[in-house]
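Take a look at the structure set out below.
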Number of protein chains: 2
Amino acid sequence: MRTIDFYFDFASPYGFIAAMQIEALARPVRWRPFLLGSVYKAVGQSPLEHPLKREYVIEVDAPRMARQIGLQLKVPKGFPEHSLPPSRAFYWIERQEPARAVEFAKAAYRKYWLHGCSTSDATVALDVAASLGYDREVVSKGVQESEVKNRLVVENEEAIRRGVFGSPFFFADGERFWGSDRMSMLPP
Amino acid sequence: MRTIDFYFDFASPYGFIAAMQIEALARPVRWRPFLLGSVYKAVGQSPLEHPLKREYVIEVDAPRMARQIGLQLKVPKGFPEHSLPPSRAFYWIERQEPARAVEFAKAAYRKYWLHGCSTSDATVALDVAASLGYDREVVSKGVQESEVKNRLVVENEEAIRRGVFGSPFFFADGERFWGSDRMSMLPP
């Protein structure tokens, strides 16, 4: 089975919308959280910097897309902020129990985009891990390990190297797809 | 019948894709060419300025979207350039024969995005008008009339006032939609 690479930032509304739907695909998916801020810094842009576009995305378009799949969007407190805590927690969990990392990603996304919790708040990411049965102390120490920190740095660099410039971003059969609205075009 | 306002720039590939499909809607459409450059200047952004994103849009995504509706995209010579000549010609024709302006818009779009002609080349816009039976000399003088020039300025200002920040952009029942990929969400 050909794997689809799914790059996403936990602070991205369209990443959330993609995460809620991607398991409907009949192909295996490799979930890759990354920090959009690192990519923007590398490529020198910031797509949502203009108020007009940001207002449209956050107030009009993303909520409308979410409603289409029966979800009521709630913008994370402090948005837009970085999503370092859940990204590191994801890679820490992936090292322990690869199969549960996706479970964590979906639960975290719901916390941020349905309950409006802050993506940069380390406590929230720990809450999500705890809700999956992980020990808060263990996770809290785990995400500070240099192997986990470095892993996220490496994933960000890999995303930049592959030309990722937004979230979500997909690679399928060597082809690139940007945006949750391109998921229907992913090769079956 | 409630009218849909359809804002587009002749130099926009997604505007082209929208123009090729919008008549399938069961609602009347008000076609409004405008200059994206004027809007970008007003709102202080330039979405395709980054090479990564531009390459993706022009080489990957827009051609893929066009293929889905059976069209083979050819990027206009000199892209991205302004589209002053066809925009003025559109409003000149609309003053003479309102019903034929849409015909002109579709023919011009095909010239730019299927045949790769330059959007800034006044000769190309005249060729299109001539192909619809208009006298080249008459059109050439017509588009220089201050009423026509002012009309485009007013339309650009109106687009900015209404919050248009990309092409295509739609207003339907007071709701905003940005992008050809949102046409399926326009209220019936």
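Going through the structure tokens in order, the chains are called A, B, and so on, while each chain numbers its residues from 1 and the ligands are numbered from 1 in the order shown.
Residues in contact with Gln68 (chain B) at up to 12 Å, not including ones fewer than 3 positions away on its chain and judged by only C-alpha atoms, are Ser184 and Met185 of chain A; Ile17, Met20, Gln21, Asp61, Ala62, Pro63, Arg64, Met65, Leu71, Gln72, Leu73 and Asp181 of chain B.
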Contact residues (chain A, partner chain B, 10 Å, only C-alpha atoms) as a count of residues only: 29
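Closest to Gly174 (chain B) among B:Glu59, B:Glu145, B:Glu23, B:Asp5 is B:Asp5, based on only C-alpha atoms.
Distance check against Val153 (chain B) using only C-alpha atoms: of B:Pro76, B:Gly133, B:Gly37, B:Gly179, the minimum falls on B:Gly37.
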Selection near Val75 (chain A), 10 Å with only C-alpha atoms, sequence-local residues under 6 positions removed, as a PyMOL selection string: chain A and resi 11-13+58-59+62-63+112-118
Polymer residues at most 9 Å from His82 (chain A), only C-alpha atoms, same-chain spacing of 5 or more positions, as a PyMOL selection string: chain A and resi 9-11+35-37+119-120
Could you take the residues named above and write them with N, CA, C and O atoms, as a short mmCIF file (atom, residue, chain, number, x, y, z; two decimals), in the first residue's frame?
```cif
data_model
loop_
_atom_site.label_atom_id
_atom_site.label_comp_id
_atom_site.auth_asym_id
_atom_site.auth_seq_id
_atom_site.Cartn_x
_atom_site.Cartn_y
_atom_site.Cartn_z
N ASP A 9 0.04 21.48 10.89
CA ASP A 9 0.37 22.24 12.09
C ASP A 9 -0.88 22.23 12.98
O ASP A 9 -1.98 22.45 12.48
N PHE A 10 -0.70 21.96 14.27
CA PHE A 10 -1.86 21.90 15.16
C PHE A 10 -2.59 23.25 15.23
O PHE A 10 -3.76 23.29 15.61
N ALA A 11 -1.91 24.34 14.87
CA ALA A 11 -2.54 25.66 14.91
C ALA A 11 -3.28 25.99 13.62
O ALA A 11 -3.79 27.10 13.47
N LEU A 35 5.99 22.70 12.43
CA LEU A 35 5.70 24.07 12.84
C LEU A 35 5.70 24.99 11.61
O LEU A 35 6.75 25.23 11.01
N LEU A 36 4.53 25.46 11.27
CA LEU A 36 4.38 26.34 10.11
C LEU A 36 5.27 27.57 10.25
O LEU A 36 5.80 28.08 9.27
N GLY A 37 5.45 28.03 11.50
CA GLY A 37 6.30 29.19 11.75
C GLY A 37 7.73 28.98 11.26
O GLY A 37 8.35 29.89 10.72
N THR A 119 -2.87 26.48 21.61
CA THR A 119 -1.93 25.51 21.04
C THR A 119 -0.54 25.61 21.66
O THR A 119 0.23 24.64 21.62
N SER A 120 -0.22 26.75 22.25
CA SER A 120 1.12 26.94 22.80
C SER A 120 1.20 26.57 24.28
O SER A 120 2.29 26.58 24.87
#
```
Nearby residues (only C-alpha atoms) at most 9 Å from Ser87 (chain B), same-chain spacing under 4 positions excluded, as a PyMOL selection string: chain B and resi 9-10+32-35+83+91-92+105+125+152
